[in-house]
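Working notes, beginning with the structure itself.
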Amino acid sequence: MNENWGLSEHGFRRPSYNDLLDAYEIRAKELFGVGINLTVRSPLGIFIRIFAWFLSLTWQLAEAVYNSGFIDTAAGVSLARLGAFIGIRPFIAAKAKGTISVSGDIGTSVPMAFIPTTPCILERPRCLRFMKNTAFLNILSR
């Protein structure tokens, strides 16, 4: 294993799956000799790959726990909790109200659950659900 993995004075370094797989293959060759069969179809090769995969998931979890302590790298609930330390509270969900205008050809129908969206400003568009008591809203003018 590598001494640079984990927490050091430079921060946290997580090994990738390939780093772990290489380390386990080197260790297996040290224990069983250079001629050991470590291919993807050999029993030991399969075992090493499975073990390296689950260990890589453990390292990912350790990295997420480390990153959850910093505002720049935290996400989700951890970020909300860190924000509370400096006086930032998330917005409470509230019902939105508003008016939209729909234009088009005369006689065109708009379905009841029509979802108007705003332009894609961030990674995903913000959606509004437009509900009407009647089954269809007829467009009157263009």
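Letters A, B, ... go to the chains of the structure tokens in the order shown; residues in each chain start at 1; ligands are counted from 1 in the same order.
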
> So which residues touch A:Gly45 within 10 Å, counting only C-alpha atoms, skipping near sequence neighbours fewer than 3 positions away, as number ranges by chain?
Replying inline: A: 21, 24-25, 28, 36-42, 48-51

>> Would you pick out the contacts of A:Ala74 at 12 Å or less, using only C-alpha atoms, so that residues sharing its chain but fewer than 6 positions from it are not included, and give the list as number ranges by chain?
In response: A: 63-68, 80-83

Those same residues, written as a PDB file, in the first residue's frame with N, CA and C atoms?
```pdb
ATOM      1  N   GLU A  63     -13.362   9.853   1.753  1.00  0.00           N
ATOM      2  CA  GLU A  63     -13.138  11.162   1.135  1.00  0.00           C
ATOM      3  C   GLU A  63     -14.353  12.063   1.310  1.00  0.00           C
ATOM      4  N   ALA A  64     -15.551  11.510   1.169  1.00  0.00           N
ATOM      5  CA  ALA A  64     -16.768  12.304   1.347  1.00  0.00           C
ATOM      6  C   ALA A  64     -16.898  12.795   2.784  1.00  0.00           C
ATOM      7  N   VAL A  65     -16.540  11.955   3.736  1.00  0.00           N
ATOM      8  CA  VAL A  65     -16.576  12.371   5.142  1.00  0.00           C
ATOM      9  C   VAL A  65     -15.578  13.495   5.380  1.00  0.00           C
ATOM     10  N   TYR A  66     -14.377  13.367   4.827  1.00  0.00           N
ATOM     11  CA  TYR A  66     -13.377  14.430   4.962  1.00  0.00           C
ATOM     12  C   TYR A  66     -13.867  15.732   4.333  1.00  0.00           C
ATOM     13  N   ASN A  67     -14.415  15.647   3.115  1.00  0.00           N
ATOM     14  CA  ASN A  67     -14.874  16.848   2.410  1.00  0.00           C
ATOM     15  C   ASN A  67     -16.093  17.479   3.053  1.00  0.00           C
ATOM     16  N   SER A  68     -16.853  16.727   3.827  1.00  0.00           N
ATOM     17  CA  SER A  68     -18.064  17.282   4.440  1.00  0.00           C
ATOM     18  C   SER A  68     -17.757  18.308   5.522  1.00  0.00           C
ATOM     19  N   ALA A  80     -25.590  22.308   4.394  1.00  0.00           N
ATOM     20  CA  ALA A  80     -26.602  23.066   5.140  1.00  0.00           C
ATOM     21  C   ALA A  80     -26.195  23.210   6.605  1.00  0.00           C
ATOM     22  N   ARG A  81     -25.635  22.154   7.165  1.00  0.00           N
ATOM     23  CA  ARG A  81     -25.202  22.218   8.568  1.00  0.00           C
ATOM     24  C   ARG A  81     -24.010  23.136   8.749  1.00  0.00           C
ATOM     25  N   LEU A  82     -23.081  23.132   7.799  1.00  0.00           N
ATOM     26  CA  LEU A  82     -21.945  24.054   7.894  1.00  0.00           C
ATOM     27  C   LEU A  82     -22.396  25.499   7.714  1.00  0.00           C
ATOM     28  N   GLY A  83     -23.366  25.718   6.833  1.00  0.00           N
ATOM     29  CA  GLY A  83     -23.893  27.064   6.642  1.00  0.00           C
ATOM     30  C   GLY A  83     -24.523  27.615   7.900  1.00  0.00           C
TER      31      GLY A  83
END
```

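With only C-alpha atoms as the basis for measurement, A:Leu61 is the residue among A:Leu44, A:Ala93, A:Ala113, A:Leu61 that approaches A:Arg14 most closely.
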
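Here atom CA of A:Ala62 and atom CA of A:Ser78 stand 14.2 Å from one another.
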
> Hey, what's within 12 Å of A:Ala52 if we count only C-alpha atoms and toss same-chain stuff fewer than 6 positions away? As a PyMOL selection string, please?
Replying inline: chain A and resi 1+15-25+44-46+58-59

>> Just list as a PyMOL selection string whatever in stretch 7-41 of chain A DSSP marks as strand (DSSP E).
In response: chain A and resi 7-8+11-13

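Taking only C-alpha atoms into account, A:Gly11 lies nearest to A:Phe70 out of the set A:Pro43, A:Ser103, A:Ile115, A:Phe70.
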
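Taking atom CA of A:Gly33 and atom CA of A:Leu55 as the two end points, the separation is 23.7 Å.
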